[in-house]
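Here's the structure we're looking at; comments come further down.
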Amino acid sequence: MTEQKATQPEEEALRHAQKMAKKKAARDKIMATKEGEKGLIIVHTGAGKGKSSSAFGMILRCIAHEMPCAVVQFIKGAWSTGERTLIEAHFGDLCQFYAMGEGFTWETQDKERDIAAARRGWEKAKELIRDERNQMVVLDEINIALRYDYLPVSEVVEFLATEKPAMTHVVLTGRNAKEELIEIADLVTEMTLVKHPFRSGIKGQKGVEF
């Protein structure tokens with residue numbers, strides 16, 4: 001009996017299956033060495049959009065897993081945002097939300113006032129991070145406060161290194177993250193700006209920017 005020769009699509013399917021099997025075996029081997037867990041210091045920075053959006057995505061994951069968490073908003077606290085409205089209206093039992101900022105520095109035009117707002121935000125942040133019930137704390141736009149030296153980066157770095165509970169995740173967002181912060185972080189993502197509608201005269205829109 002003559003053996004039937006495989007068709008080209010069948011040969012391609014077989015090669016693909018073999019390739020994926022090798023990839024899975026390699027991946028499984030890597031994953032077998034990854035057993036540890038720890039509270040991460042996570043930095044979202046860069047000129048591109050998505051830093052805060054990504055952080056709030058993680059907060060929603062925590063809420064979905066019924067993990068207590070918290071948000072402190074530096075700078076943007078004066079804005080009414082969809083994420084704040086949603087969390088405060090429906091998930092306040094799981095996520096504490098503190099809007100501590102008063103707007104960008106060009107809006108307040110008062111450096112001392114900006115410094116005072118940043119300090120209040122940082123004191124609240126430390127309180128929330130020290131509370132081990134909170135499994136994630138997002139410090140939204142704290143990098144802006146650090147960039148303008150409203151808070152000493154050395155103080156923030158020292159606190160995270162010495163006082164953050166071992167299993168608490170802390171997420172710090174905002175462009176121009178300080179090198180000292182990047183150095184101690186476990187995960188750093190830089191959002192790259194390729195194209196933005198603002199440059200074409202389109203203002204920030206509900207559901208996209210806030």
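Chain labels A, B, ... are given in the sequence in which chains occur in the structure tokens; within each chain residues are numbered consecutively from 1, and ligands are likewise numbered from 1 in the order shown.
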
List every residue of range 34-197 of chain A that DSSP, applied to the backbone of this structure, places in strand (DSSP E), and write the result as a ChimeraX atom specification. /A:41-45,69-73,95-99,136-140,169-173,187-190

| Neighbour list for Glu132 in chain A as a count of residues only, cut-off 12 Å, only C-alpha atoms, skip fewer than 6 positions in-chain | 14

What is the CA of Leu86 in chain A-CA of Ser53 in chain A distance in Å, reported with one decimal?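 CA of Leu86 in chain A sits 13.7 Å away from CA of Ser53 in chain A.
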
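Between Arg175 in chain A and the residues A:Ala25, A:Ala17, A:Ala116, A:Leu146, the shortest atom-to-atom distance, using only C-alpha atoms, involves A:Leu146.
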
(Q) Give me, as a VMD selection string, the residues of chain A that a backbone DSSP run labels helix (DSSP H, G or I). (A) chain A and resid 8 to 31 51 to 64 76 to 78 82 to 90 105 to 108 111 to 130 142 to 147 153 to 162 179 to 184 197 to 200

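Remark: for Val157 in chain A, the closest of the candidate residues A:Phe56, A:Glu180, A:Thr7, A:Gly92 is A:Glu180 (distances computed over only C-alpha atoms).
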
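Coordinates place CA of Tyr150 in chain A at a distance of 7.6 Å from CA of Arg119 in chain A.
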